[in-house]
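Everything below belongs to final08.cif, which stores mmCIF, C-alpha atoms and all ligand atoms.
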```cif
data_final
#
loop_
_atom_site.label_atom_id
_atom_site.label_comp_id
_atom_site.auth_asym_id
_atom_site.auth_seq_id
_atom_site.Cartn_x
_atom_site.Cartn_y
_atom_site.Cartn_z
CA MET A 1 0.00 0.00 0.00
CA THR A 2 1.42 3.38 -0.95
CA PHE A 3 1.47 6.25 1.41
CA THR A 4 -1.36 8.04 -0.37
CA GLN A 5 -3.55 4.93 -0.42
CA ARG A 6 -3.01 4.46 3.24
CA VAL A 7 -3.94 8.04 4.02
CA LEU A 8 -7.08 7.78 1.88
CA SER A 9 -8.18 4.49 3.43
CA LEU A 10 -7.81 5.93 6.87
CA PHE A 11 -9.74 9.06 5.96
CA VAL A 12 -12.99 7.11 6.29
CA ALA A 13 -12.03 6.02 9.78
CA PHE A 14 -11.29 9.64 10.61
CA VAL A 15 -14.74 10.85 9.68
CA LEU A 16 -16.41 8.06 11.64
CA PHE A 17 -14.34 8.47 14.75
CA GLY A 18 -14.26 12.23 14.62
CA THR A 19 -18.02 12.44 15.07
CA MET A 20 -17.88 9.93 17.91
CA ALA A 21 -15.05 11.62 19.75
CA SER A 22 -17.05 13.37 22.45
CA GLY A 23 -19.10 10.23 23.16
CA ILE A 24 -15.96 8.15 23.49
CA ALA A 25 -14.46 10.73 25.75
CA SER A 26 -17.29 10.70 28.25
CA ALA A 27 -17.46 6.89 28.25
CA ASN A 28 -14.04 6.65 29.82
CA SER A 29 -15.03 7.91 33.23
CA ALA A 30 -16.65 5.29 35.47
CA ALA A 31 -18.22 7.76 37.91
CA ASP A 32 -20.38 9.16 35.12
CA ASN A 33 -22.03 5.80 34.67
CA ALA A 34 -23.81 5.53 38.01
CA ILE A 35 -27.36 4.27 37.60
CA PHE A 36 -28.18 4.33 41.28
CA GLU A 37 -26.40 5.15 44.53
CA ASP A 38 -27.50 5.49 48.11
CA ASN A 39 -25.41 5.98 51.26
CA PHE A 40 -28.50 6.28 53.55
CA ASP A 41 -27.02 9.46 55.02
CA SER A 42 -29.81 11.79 53.92
CA TYR A 43 -32.67 9.92 55.66
CA PRO A 44 -33.86 10.49 59.21
CA VAL A 45 -32.73 7.74 61.57
CA GLY A 46 -35.41 5.25 62.63
CA VAL A 47 -37.48 5.12 59.43
CA PHE A 48 -37.47 2.80 56.43
CA PRO A 49 -36.03 4.74 53.41
CA SER A 50 -39.23 4.60 51.33
CA SER A 51 -38.67 8.23 50.40
CA GLY A 52 -35.57 7.08 48.48
CA GLY A 53 -37.58 4.57 46.46
CA TRP A 54 -36.86 1.53 48.64
CA ASN A 55 -39.60 -1.05 48.97
CA LEU A 56 -39.86 -3.33 52.04
CA LYS A 57 -40.68 -6.46 50.04
CA TYR A 58 -40.61 -8.81 53.06
CA SER A 59 -40.85 -7.43 56.58
CA GLY A 60 -38.70 -9.97 58.47
CA TYR A 61 -38.68 -9.48 62.25
CA GLY A 62 -41.27 -6.72 61.84
CA ALA A 63 -41.50 -3.56 59.74
CA SER A 64 -40.52 -1.32 62.65
CA TYR A 65 -37.09 -3.02 62.81
CA GLN A 66 -36.19 -2.28 59.17
CA ILE A 67 -34.81 1.22 59.54
CA VAL A 68 -32.01 3.65 58.84
CA ASP A 69 -29.56 3.30 61.71
CA ASN A 70 -26.64 5.38 62.97
CA SER A 71 -24.91 2.88 65.27
CA GLN A 72 -22.36 1.82 62.63
CA SER A 73 -21.70 2.98 59.09
CA VAL A 74 -19.03 3.10 56.39
CA SER A 75 -20.11 6.51 55.12
CA SER A 76 -21.10 8.58 58.11
CA PRO A 77 -23.53 8.79 59.81
CA ASN A 78 -26.07 6.20 58.60
CA SER A 79 -26.53 2.70 57.28
CA LEU A 80 -29.65 0.59 56.63
CA LYS A 81 -30.49 -2.05 59.25
CA LEU A 82 -32.52 -5.13 58.33
CA GLU A 83 -33.58 -7.88 60.77
CA GLY A 84 -34.92 -11.24 59.61
CA ARG A 85 -36.70 -13.90 61.59
CA SER A 86 -36.85 -17.65 61.24
CA GLY A 87 -38.54 -18.47 57.94
CA TRP A 88 -39.18 -14.83 57.02
CA ALA A 89 -36.52 -12.53 55.60
CA ALA A 90 -36.34 -8.73 55.70
CA CYS A 91 -35.82 -7.69 52.08
CA ALA A 92 -35.35 -4.12 50.90
CA ASP A 93 -35.77 -3.81 47.14
CA ARG A 94 -34.86 -0.74 45.11
CA PRO A 95 -36.09 -0.71 41.49
CA LEU A 96 -33.44 0.56 39.07
CA PRO A 97 -34.19 3.31 36.56
CA GLU A 98 -32.11 1.52 33.92
CA THR A 99 -31.15 -2.13 33.50
CA PRO A 100 -28.24 -2.31 31.05
CA ASP A 101 -26.74 -5.65 30.05
CA GLN A 102 -23.51 -5.08 31.93
CA VAL A 103 -23.50 -3.55 35.39
CA ILE A 104 -21.42 -3.47 38.52
CA PHE A 105 -23.33 -3.68 41.79
CA GLU A 106 -21.52 -2.68 44.99
CA VAL A 107 -22.57 -2.54 48.63
CA ASP A 108 -21.01 -2.66 52.09
CA VAL A 109 -22.38 -5.41 54.34
CA ASN A 110 -21.97 -5.98 58.09
CA VAL A 111 -23.60 -8.98 59.77
CA VAL A 112 -24.13 -7.85 63.36
CA LYS A 113 -26.22 -10.72 64.67
CA PRO A 114 -26.30 -14.23 63.16
CA GLY A 115 -29.31 -16.50 63.07
CA SER A 116 -29.10 -20.27 63.47
CA SER A 117 -25.86 -21.83 62.26
CA THR A 118 -27.88 -24.60 60.62
CA GLY A 119 -29.75 -22.21 58.32
CA TRP A 120 -28.88 -20.98 54.85
CA VAL A 121 -27.58 -17.39 55.07
CA ASN A 122 -27.59 -14.52 57.53
CA SER A 123 -27.73 -12.08 54.66
CA TYR A 124 -27.60 -11.87 50.91
CA VAL A 125 -27.28 -9.06 48.40
CA SER A 126 -28.16 -9.36 44.73
CA LEU A 127 -29.81 -7.82 41.75
CA VAL A 128 -33.18 -9.52 41.42
CA ASP A 129 -36.38 -9.77 39.48
CA PRO A 130 -38.76 -9.54 42.45
CA ASN A 131 -41.70 -10.79 40.42
CA VAL A 132 -40.40 -14.31 39.87
CA GLY A 133 -41.01 -16.52 42.90
CA TRP A 134 -39.47 -15.01 46.02
CA GLY A 135 -37.24 -13.03 43.70
CA ARG A 136 -34.98 -14.46 41.01
CA ALA A 137 -31.37 -13.56 41.76
CA TYR A 138 -28.86 -12.23 39.24
CA GLY A 139 -25.44 -12.15 40.88
CA LEU A 140 -26.19 -13.25 44.44
CA VAL A 141 -23.60 -12.99 47.23
CA GLY A 142 -24.53 -14.67 50.51
CA PHE A 143 -23.12 -14.32 54.02
CA GLY A 144 -23.74 -17.91 55.09
CA ALA A 145 -25.05 -19.23 58.36
CA ASN A 146 -21.83 -21.29 58.31
CA MET A 147 -19.86 -17.97 58.46
CA LEU A 148 -18.57 -18.32 54.91
CA VAL A 149 -19.24 -15.90 52.08
CA GLY A 150 -20.46 -17.58 48.93
CA PRO A 151 -19.45 -17.84 46.20
CA GLY A 152 -15.90 -18.71 47.16
CA GLU A 153 -16.45 -20.02 50.70
CA VAL A 154 -14.47 -17.16 52.24
CA PRO A 155 -14.69 -16.87 56.06
CA TYR A 156 -16.15 -13.66 57.46
CA ASN A 157 -16.52 -12.11 60.92
CA LEU A 158 -19.49 -10.66 62.72
CA ASN A 159 -19.46 -6.90 63.32
CA GLN A 160 -17.13 -6.26 60.39
CA TRP A 161 -17.82 -4.34 57.18
CA TYR A 162 -17.22 -6.10 53.89
CA HIS A 163 -17.25 -4.45 50.49
CA VAL A 164 -19.12 -6.59 48.00
CA LYS A 165 -18.69 -5.95 44.28
CA VAL A 166 -20.50 -7.96 41.63
CA LYS A 167 -20.12 -7.60 37.88
CA ILE A 168 -23.15 -8.89 36.04
CA ASP A 169 -23.19 -9.67 32.32
CA ILE A 170 -26.67 -10.38 31.02
CA VAL A 171 -25.41 -11.11 27.48
CA ASP A 172 -22.90 -13.81 28.41
CA ARG A 173 -25.08 -14.69 31.45
CA ILE A 174 -22.22 -14.76 33.92
CA TYR A 175 -21.15 -12.82 36.97
CA ASP A 176 -17.93 -12.16 38.89
CA VAL A 177 -17.65 -11.39 42.61
CA TRP A 178 -15.10 -9.46 44.66
CA LEU A 179 -14.95 -9.27 48.44
CA ASP A 180 -12.87 -6.36 49.77
CA GLY A 181 -11.31 -6.09 46.31
CA GLU A 182 -10.35 -9.75 46.06
CA LEU A 183 -11.87 -11.85 43.28
CA ILE A 184 -13.72 -14.74 44.96
CA GLY A 185 -15.93 -15.94 42.10
CA GLU A 186 -15.51 -15.75 38.33
CA ASN A 187 -17.75 -16.62 35.38
CA LEU A 188 -20.51 -17.86 37.64
CA PRO A 189 -23.79 -18.71 35.89
CA LEU A 190 -26.79 -16.39 35.88
CA PRO A 191 -30.35 -17.66 35.36
CA ALA A 192 -30.75 -18.83 31.75
CA ASP A 193 -33.30 -16.16 30.87
CA GLY A 194 -34.85 -12.91 32.06
CA THR A 195 -33.06 -10.01 33.66
CA TYR A 196 -32.85 -8.05 36.91
CA LYS A 197 -35.15 -5.19 37.86
CA CYS A 198 -33.90 -4.06 41.25
CA VAL A 199 -31.26 -4.16 43.94
CA ARG A 200 -32.10 -6.39 46.89
CA LEU A 201 -30.59 -6.28 50.39
CA SER A 202 -31.66 -9.08 52.71
CA GLY A 203 -31.44 -9.65 56.44
CA ASP A 204 -32.22 -13.28 55.88
CA ASN A 205 -34.40 -15.89 57.49
CA CYS A 206 -32.12 -18.39 59.24
CA GLY A 207 -33.31 -17.08 62.61
CA HIS A 208 -33.29 -13.61 64.10
CA THR A 209 -30.62 -11.91 62.01
CA ARG A 210 -29.46 -8.29 62.12
CA VAL A 211 -27.49 -6.87 59.20
CA LEU A 212 -26.29 -3.39 58.25
CA PHE A 213 -25.87 -2.14 54.68
CA ASP A 214 -24.20 0.99 53.33
CA ASN A 215 -23.06 2.64 50.10
CA VAL A 216 -25.15 0.91 47.47
CA LEU A 217 -23.80 1.71 44.01
CA VAL A 218 -24.88 0.40 40.63
CA THR A 219 -22.85 1.50 37.60
CA GLU A 220 -23.15 0.69 33.96
CA VAL A 221 -20.13 -1.00 32.39
CA GLU A 222 -19.54 0.62 29.03
CA ASP A 223 -17.30 -0.84 26.42
CA ILE A 224 -14.51 1.59 25.82
CA ILE A 225 -14.25 2.15 22.10
CA PRO A 226 -10.67 3.02 21.23
CA VAL A 227 -9.86 6.12 19.25
CA GLU A 228 -8.49 5.08 15.87
CA ALA A 229 -4.95 6.36 15.33
CA GLU A 230 -3.17 6.80 12.01
CA ILE A 231 0.19 5.10 12.27
CA ASN A 232 3.28 5.38 10.12
CA PHE A 233 6.00 2.93 11.03
CA ASP A 234 9.44 3.86 9.74
CA PRO A 235 11.15 2.09 7.98
CA ASP A 236 8.63 0.60 5.53
CA THR A 237 10.98 -2.33 5.04
CA LEU A 238 12.72 -3.72 8.07
CA ASN A 239 15.92 -5.68 7.55
CA LEU A 240 16.25 -8.03 10.47
CA GLY A 241 19.71 -7.85 11.94
CA SER A 242 20.84 -4.90 9.85
CA GLY A 243 21.62 -2.87 12.94
CA GLY A 244 20.47 0.52 14.18
CA LYS A 245 19.28 1.48 17.62
CA TRP A 246 15.66 2.51 16.99
CA VAL A 247 12.61 2.16 14.86
CA THR A 248 10.42 5.23 14.60
CA VAL A 249 6.64 5.56 14.64
CA TYR A 250 4.45 8.57 13.86
CA ILE A 251 1.03 8.65 15.47
CA GLU A 252 -1.76 10.94 14.31
CA LEU A 253 -5.08 11.16 16.17
CA PRO A 254 -8.51 12.27 14.93
CA ASP A 255 -10.03 15.66 15.59
CA GLY A 256 -10.67 16.26 19.29
CA TYR A 257 -7.47 14.61 20.48
CA ASP A 258 -4.09 16.26 20.84
CA VAL A 259 -1.11 13.97 20.29
CA SER A 260 0.94 15.98 22.76
CA GLY A 261 -1.27 14.35 25.43
CA ILE A 262 0.08 10.89 24.57
CA ASP A 263 2.02 9.31 27.40
CA ALA A 264 5.00 7.59 25.76
CA SER A 265 5.50 5.11 28.60
CA GLY A 266 1.99 3.73 28.00
CA VAL A 267 2.34 3.09 24.26
CA PHE A 268 3.02 -0.51 23.26
CA LEU A 269 3.96 -2.06 19.94
CA ASN A 270 2.20 -5.40 19.36
CA GLY A 271 1.10 -5.20 22.98
CA VAL A 272 4.59 -5.90 24.33
CA VAL A 273 7.33 -3.48 23.30
CA PRO A 274 7.08 -0.16 25.15
CA ALA A 275 7.96 3.13 23.49
CA VAL A 276 11.18 4.69 24.70
CA SER A 277 10.36 7.12 27.51
CA ASP A 278 13.77 7.66 29.05
CA PRO A 279 14.14 11.45 29.54
CA GLN A 280 17.86 11.25 28.69
CA TYR A 281 16.78 11.43 25.02
CA GLU A 282 15.92 14.73 23.38
CA PHE A 283 13.27 12.99 21.26
CA VAL A 284 11.46 12.08 24.50
CA THR A 285 11.58 15.48 26.19
CA ASN A 286 11.77 18.05 23.40
CA LYS A 287 8.45 18.90 21.76
CA SER A 288 10.11 20.25 18.63
CA GLU A 289 11.62 16.78 18.17
CA TYR A 290 8.61 14.63 18.93
CA LEU A 291 5.80 16.75 17.44
CA LYS A 292 6.00 16.78 13.65
CA ASP A 293 3.82 16.86 10.56
CA THR A 294 5.71 14.41 8.37
CA ASP A 295 2.85 13.78 5.95
CA GLY A 296 2.18 17.50 5.56
CA ASP A 297 -1.57 17.38 6.18
CA GLY A 298 -1.48 20.10 8.85
CA ILE A 299 -2.11 17.65 11.68
CA LEU A 300 0.74 17.11 14.09
CA GLU A 301 2.03 13.60 14.70
CA ARG A 302 3.60 12.28 17.86
CA MET A 303 6.92 10.66 17.07
CA LEU A 304 7.91 7.73 19.25
CA LYS A 305 10.92 5.46 19.09
CA PHE A 306 11.14 1.81 20.01
CA ASP A 307 14.17 -0.32 20.72
CA ARG A 308 15.04 -1.92 17.41
CA GLU A 309 16.34 -5.17 18.88
CA GLU A 310 13.20 -5.67 20.95
CA VAL A 311 11.00 -5.03 17.94
CA GLU A 312 12.98 -7.34 15.66
CA ALA A 313 12.84 -10.08 18.28
CA ILE A 314 9.06 -10.36 17.95
CA LEU A 315 8.73 -9.99 14.15
CA GLY A 316 8.99 -12.72 11.53
CA ALA A 317 9.80 -12.16 7.85
CA GLY A 318 6.90 -11.38 5.53
CA ASP A 319 5.64 -9.05 2.82
CA GLU A 320 2.74 -7.67 4.81
CA VAL A 321 3.55 -7.78 8.47
CA ILE A 322 0.94 -6.01 10.59
CA ILE A 323 2.24 -4.02 13.54
CA THR A 324 -0.25 -2.77 16.09
CA PHE A 325 -0.03 0.09 18.55
CA GLU A 326 -2.09 0.93 21.59
CA GLY A 327 -1.86 3.65 24.18
CA LYS A 328 -3.64 6.37 26.07
CA VAL A 329 -4.06 10.03 25.43
CA GLY A 330 -5.19 12.73 27.82
CA TYR A 331 -8.00 14.86 26.43
CA GLU A 332 -10.04 17.84 27.45
CA ASN A 333 -13.16 19.25 25.81
CA GLU A 334 -16.25 21.27 26.82
CA ILE A 335 -17.99 18.16 28.16
CA ASP A 336 -15.30 16.17 29.83
CA SER A 337 -11.64 15.42 30.38
CA GLY A 338 -9.70 12.28 31.17
CA MET A 339 -7.80 9.55 29.38
CA ALA A 340 -8.94 7.94 26.13
CA VAL A 341 -7.61 4.72 24.70
CA PHE A 342 -6.27 4.75 21.16
CA GLU A 343 -5.13 2.03 18.82
CA GLY A 344 -3.85 1.76 15.29
CA MET A 345 -1.75 -0.32 12.94
CA ASP A 346 0.64 -0.19 10.04
CA THR A 347 1.79 -2.79 7.55
CA ILE A 348 5.46 -3.22 6.68
CA THR A 349 7.75 -5.65 4.89
CA VAL A 350 10.15 -7.61 7.07
CA ILE A 351 13.11 -9.39 5.50
CA GLU A 352 15.37 -11.95 7.06
CA SER A 353 18.68 -10.47 6.09
CA SER A 354 20.94 -13.52 5.91
CA ASN A 355 23.22 -11.59 3.51
CA VAL A 356 23.86 -8.97 6.12
CA ARG A 357 24.82 -11.64 8.65
CA GLU A 358 27.22 -13.35 6.23
CA ASN A 359 28.85 -10.04 5.47
CA ASN A 360 29.24 -9.38 9.14
CA GLY A 361 30.85 -12.79 9.51
CA LYS A 362 33.37 -12.09 6.75
CA LYS A 363 34.07 -8.73 8.23
CA GLY A 364 34.85 -10.40 11.56
CA ASN A 365 37.20 -12.88 9.89
CA LEU A 366 38.87 -10.10 8.02
CA TRP A 367 39.59 -8.26 11.24
CA SER A 368 40.94 -11.27 13.05
CA ASN A 369 43.09 -12.27 10.04
CA THR A 370 44.47 -8.79 9.69
CA SER A 371 45.36 -8.71 13.34
CA ILE A 372 45.74 -5.00 13.92
CA SER A 373 47.83 -5.36 17.00
CA GLY A 374 50.37 -7.10 14.73
CA CA B 401 -23.83 5.80 55.06
CA CA B 402 5.74 3.49 6.95
CA CA B 403 -2.13 12.17 8.26
CA CA B 404 0.28 14.90 9.83
#
```
Reformat the file's structure so that it appears as structure tokens.
Amino acid sequence: MTFTQRVLSLFVAFVLFGTMASGIASANSAADNAIFEDNFDSYPVGVFPSSGGWNLKYSGYGASYQIVDNSQSVSSPNSLKLEGRSGWAACADRPLPETPDQVIFEVDVNVVKPGSSTGWVNSYVSLVDPNVGWGRAYGLVGFGANMLVGPGEVPYNLNQWYHVKVKIDIVDRIYDVWLDGELIGENLPLPADGTYKCVRLSGDNCGHTRVLFDNVLVTEVEDIIPVEAEINFDPDTLNLGSGGKWVTVYIELPDGYDVSGIDASGVFLNGVVPAVSDPQYEFVTNKSEYLKDTDGDGILERMLKFDREEVEAILGAGDEVIITFEGKVGYENEIDSGMAVFEGMDTITVIESSNVRENNGKKGNLWSNTSISG
């Protein structure tokens, strides 16, 4: 592919990605994606948080026990207290305004008083469809009567806060679970059909249980669509073993992104070789060296260099060898700022330069035969 062809073929990608740029930008910040959050701190103590949209689906030990409480909390001053009784759970359901296919559900849980050790669980948290049976669970995490958290069978203590995080994927119908940041269950099966409608917190029914909950957070997981970069790898033909310290790459980004925001240390060739970011080199620190418009289209490119030996070590000979690049670029626009992911590729010819090696060999022999030291 000639240079001009390459530029033309990428022009289409430019137009597409240019119009999407602001959308991509805002998708990179997780905090923007909250569907629902509640820290129970804005309610009066001693009442059920109906005013926040919570529904006392099952009343457990009695409705008057299911209340906002200020005896212990993660975010101060309040948490939600639920008390179950034998055979009858206290379940607080909160319908969600949106139910995307991929969500992360988080909540802090503290089992204060256990029920009978022979029962099922002291507490569970889950996304549920409350209209199927007692509630069909999507991504359930239980604090067992046997004092193990399931999934994973991880021991837990009474009177201790645990941060539960569940990632639910309705498309692949699996979920993953973290307890205090540690992955304790992966690719666990969801029900084969249907989807969740609400968050459920349960002080469960294995006896008289008392459980505190705080900091409920449900966030949408959005696929981060990378920004498409235009890449020019130099040289177009790479002679393996022909020497030289670097290979050079020029990266151009679509409208809305400034290549001077690219962090060199986070750019990788074929996912493994990092760009040179050592500040001892002028081409790393000096803008006039690393910002150029080599194709003369008025858009600056970020020049990066990669260690030639490392690059050659992962490339095989071929006429059309694809080399990929990925990295991150800081951006700032009227709507948002943050880091966007970019990716791009170039195609080069790689030749196994056996001739060069033979010549080197002869050269070596020549030197040793000549024996300079005499
Ligand atoms: Ca709180
Ligand atoms: Ca090239
Ligand atoms: Ca260009
Ligand atoms: Ca340019």
Closest atom pairs, residues of segment 159-265 of chain A within 7 Å of segment 123-127 of chain A, all atoms listed in the file, as JSON lines:
```
{"residue": "A:Tyr196", "atom": "CA", "partner": "A:Leu127", "partner_atom": "CA", "distance": 5.7}
{"residue": "A:Cys198", "atom": "CA", "partner": "A:Leu127", "partner_atom": "CA", "distance": 5.6}
{"residue": "A:Val199", "atom": "CA", "partner": "A:Leu127", "partner_atom": "CA", "distance": 4.5}
{"residue": "A:Arg200", "atom": "CA", "partner": "A:Ser126", "partner_atom": "CA", "distance": 5.4}
{"residue": "A:Leu201", "atom": "CA", "partner": "A:Val125", "partner_atom": "CA", "distance": 4.8}
{"residue": "A:Ser202", "atom": "CA", "partner": "A:Tyr124", "partner_atom": "CA", "distance": 5.2}
{"residue": "A:Gly203", "atom": "CA", "partner": "A:Ser123", "partner_atom": "CA", "distance": 4.8}
{"residue": "A:Asp204", "atom": "CA", "partner": "A:Ser123", "partner_atom": "CA", "distance": 4.8}
{"residue": "A:Val211", "atom": "CA", "partner": "A:Ser123", "partner_atom": "CA", "distance": 6.9}
```
Counting all atoms listed in the file, the option among A:Ala340, A:Leu300, A:Ile251, A:Val272 closest to ligand CA 402 (chain B):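 Among A:Ala340, A:Leu300, A:Ile251, A:Val272, it is A:Ile251 that comes nearest to ligand CA 402 (chain B).
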Between atom CA of Ile323 of chain A and atom CA of Asn239 of chain A - distance in Å to one decimal: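 Atom CA of Asn239 of chain A sits 15.0 Å away from atom CA of Ile323 of chain A.
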Find, counting only C-alpha atoms, the residue in A:Gly261, A:Pro274, A:Gly52, A:Pro114 that gets nearest to Lys287 of chain A. A:Gly261
Could you list, as a PDB file with C-alpha atoms, in the coordinates of the input, all the residues within 7 Å of ligand CA 401 (chain B), counting all atoms listed in the file?
```
ATOM      1  CA  ASN A  39     -25.410   5.980  51.260  1.00  0.00           C
ATOM      2  CA  PHE A  40     -28.500   6.280  53.550  1.00  0.00           C
ATOM      3  CA  ASP A  41     -27.020   9.460  55.020  1.00  0.00           C
ATOM      4  CA  SER A  73     -21.700   2.980  59.090  1.00  0.00           C
ATOM      5  CA  VAL A  74     -19.030   3.100  56.390  1.00  0.00           C
ATOM      6  CA  SER A  75     -20.110   6.510  55.120  1.00  0.00           C
ATOM      7  CA  SER A  76     -21.100   8.580  58.110  1.00  0.00           C
ATOM      8  CA  PRO A  77     -23.530   8.790  59.810  1.00  0.00           C
ATOM      9  CA  ASN A  78     -26.070   6.200  58.600  1.00  0.00           C
ATOM     10  CA  SER A  79     -26.530   2.700  57.280  1.00  0.00           C
ATOM     11  CA  ASP A 214     -24.200   0.990  53.330  1.00  0.00           C
ATOM     12  CA  ASN A 215     -23.060   2.640  50.100  1.00  0.00           C
TER      13      ASN A 215
END
```
Within 6 Å of ligand CA 402 (chain B), counting only C-alpha atoms and all ligand atoms: which residues, as a list in words?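 Every residue with an atom at most 6 Å from ligand CA 402 (chain B) is listed here: Asn232, Phe233, Asp234, Pro235 and Asp236 of chain A.
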So which one's closest to ligand CA 404 (chain B), A:Ile231, A:Leu158, A:Ile335, A:Val247? Using only C-alpha atoms and all ligand atoms, please.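 Of A:Ile231, A:Leu158, A:Ile335, A:Val247, the one nearest ligand CA 404 (chain B), counting only C-alpha atoms and all ligand atoms, is A:Ile231.
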Min atom-atom distance to Phe213 of chain A from the set A:Lys165, A:Asn110, A:Ser42, A:Ala275, counting only C-alpha atoms, belongs to A:Asn110
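Listed by chain and then residue number, the contacts of ligand CA 404 (chain B) are Glu252, Asp293, Thr294, Asp295, Gly296, Asp297, Gly298, Ile299, Leu300 and Glu301 of chain A (distance at most 7 Å, using all atoms listed in the file).
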Neighbour list for Val284 of chain A as an NGL selection string, cut-off 8 Å, all atoms listed in the file, skip fewer than 6 positions in-chain: :A and (264 or 276-278 or 290 or 304)
Which polymer residues, protein or nucleic acid, are no farther than 9 Å from (-25.8, -9.6, 64.3), counting only C-alpha atoms, as a PyMOL selection string? chain A and resi 83+110-115+122+158-159+208-212
So which one's closest to ligand CA 403 (chain B), A:Tyr250, A:Ala317, A:Arg94, A:Leu188? Using all atoms listed in the file, please. A:Tyr250
Between atom CA of Ala229 of chain A and atom CA of Asp307 of chain A, what is the distance in Å, rounded to a tenth?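 Computed distance, atom CA of Ala229 of chain A to atom CA of Asp307 of chain A, equals 21.0 Å.
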Which polymer residues have any atom within 10 Å of an atom of Gly181 of chain A, counting all atoms listed in the file, with same-chain residues fewer than 4 positions away left out, as a CSV table (one decimal) with C-alpha atoms, in the coordinates of the input?
```
chain,number,residue,atom,x,y,z
A,162,TYR,CA,-17.2,-6.1,53.9
A,163,HIS,CA,-17.2,-4.4,50.5
A,164,VAL,CA,-19.1,-6.6,48.0
A,165,LYS,CA,-18.7,-6.0,44.3
A,177,VAL,CA,-17.6,-11.4,42.6
```
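Within 10 Å of Glu37 of chain A, once only C-alpha atoms are used and residues closer than 5 positions along the same chain are dropped, the contacting residues are Phe105, Glu106, Val107, Asp214, Asn215, Val216, Leu217, Val218 and Thr219 of chain A.
Nearest residue to ligand CA 403 (chain B), choosing from A:Leu183, A:Val128, A:Leu238, A:Leu253 and counting only C-alpha atoms and all ligand atoms: A:Leu253.
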Show me, as a PyMOL selection string, the residues that have an atom within 10 Å of Ala313 of chain A when counting all atoms listed in the file, minus same-chain residues fewer than 3 positions from it. chain A and resi 240-241+273+308-310+316
Go ahead and write the selection's residues with C-alpha atoms as an mmCIF file, keeping the file's coordinate frame.
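result14.cif written:
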```
data_model
loop_
_atom_site.group_PDB
_atom_site.id
_atom_site.type_symbol
_atom_site.label_atom_id
_atom_site.label_comp_id
_atom_site.auth_asym_id
_atom_site.auth_seq_id
_atom_site.Cartn_x
_atom_site.Cartn_y
_atom_site.Cartn_z
ATOM 1 C CA LEU A 240 16.250 -8.030 10.470
ATOM 2 C CA GLY A 241 19.710 -7.850 11.940
ATOM 3 C CA VAL A 273 7.330 -3.480 23.300
ATOM 4 C CA ARG A 308 15.040 -1.920 17.410
ATOM 5 C CA GLU A 309 16.340 -5.170 18.880
ATOM 6 C CA GLU A 310 13.200 -5.670 20.950
ATOM 7 C CA GLY A 316 8.990 -12.720 11.530
#
```
Protein and nucleic acid residues near (-2.5, -4.2, 12.1) (cut-off 8 Å, all atoms listed in the file) as a list in words: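 All residues meeting the 8 Å criterion around (-2.5, -4.2, 12.1) are Val321, Ile322, Ile323, Thr324, Gly344, Met345, Asp346 and Thr347 of chain A.
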Gap from atom CA of Val132 of chain A to atom CA of Cys91 of chain A - Å, one decimal: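 Interatomic distance here is 14.6 Å.
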Rebuild segment 154-164 of chain A so that it carries N, CA and C atoms, then output the result as a compact mmCIF listing (two decimals), keeping the file's coordinate frame.
```txt
# COMPACT_ATOMS: atom_id res chain seq x y z
N VAL A 154 -15.47 -17.99 51.55
CA VAL A 154 -14.47 -17.16 52.24
C VAL A 154 -14.99 -16.85 53.65
N PRO A 155 -14.22 -17.15 54.70
CA PRO A 155 -14.69 -16.87 56.06
C PRO A 155 -14.93 -15.38 56.30
N TYR A 156 -15.92 -15.06 57.09
CA TYR A 156 -16.15 -13.66 57.46
C TYR A 156 -16.44 -13.58 58.95
N ASN A 157 -16.30 -12.35 59.49
CA ASN A 157 -16.52 -12.11 60.92
C ASN A 157 -17.80 -11.33 61.13
N LEU A 158 -18.38 -11.50 62.31
CA LEU A 158 -19.49 -10.66 62.72
C LEU A 158 -18.96 -9.27 63.05
N ASN A 159 -19.84 -8.27 62.96
CA ASN A 159 -19.46 -6.90 63.32
C ASN A 159 -18.28 -6.36 62.52
N GLN A 160 -18.20 -6.77 61.26
CA GLN A 160 -17.13 -6.26 60.39
C GLN A 160 -17.74 -5.90 59.04
N TRP A 161 -17.32 -4.76 58.50
CA TRP A 161 -17.82 -4.34 57.18
C TRP A 161 -17.07 -5.05 56.07
N TYR A 162 -17.81 -5.50 55.09
CA TYR A 162 -17.22 -6.10 53.89
C TYR A 162 -17.75 -5.37 52.68
N HIS A 163 -16.83 -5.10 51.74
CA HIS A 163 -17.25 -4.45 50.49
C HIS A 163 -17.48 -5.52 49.42
N VAL A 164 -18.73 -5.62 49.02
CA VAL A 164 -19.12 -6.59 48.00
C VAL A 164 -19.19 -5.88 46.65
```
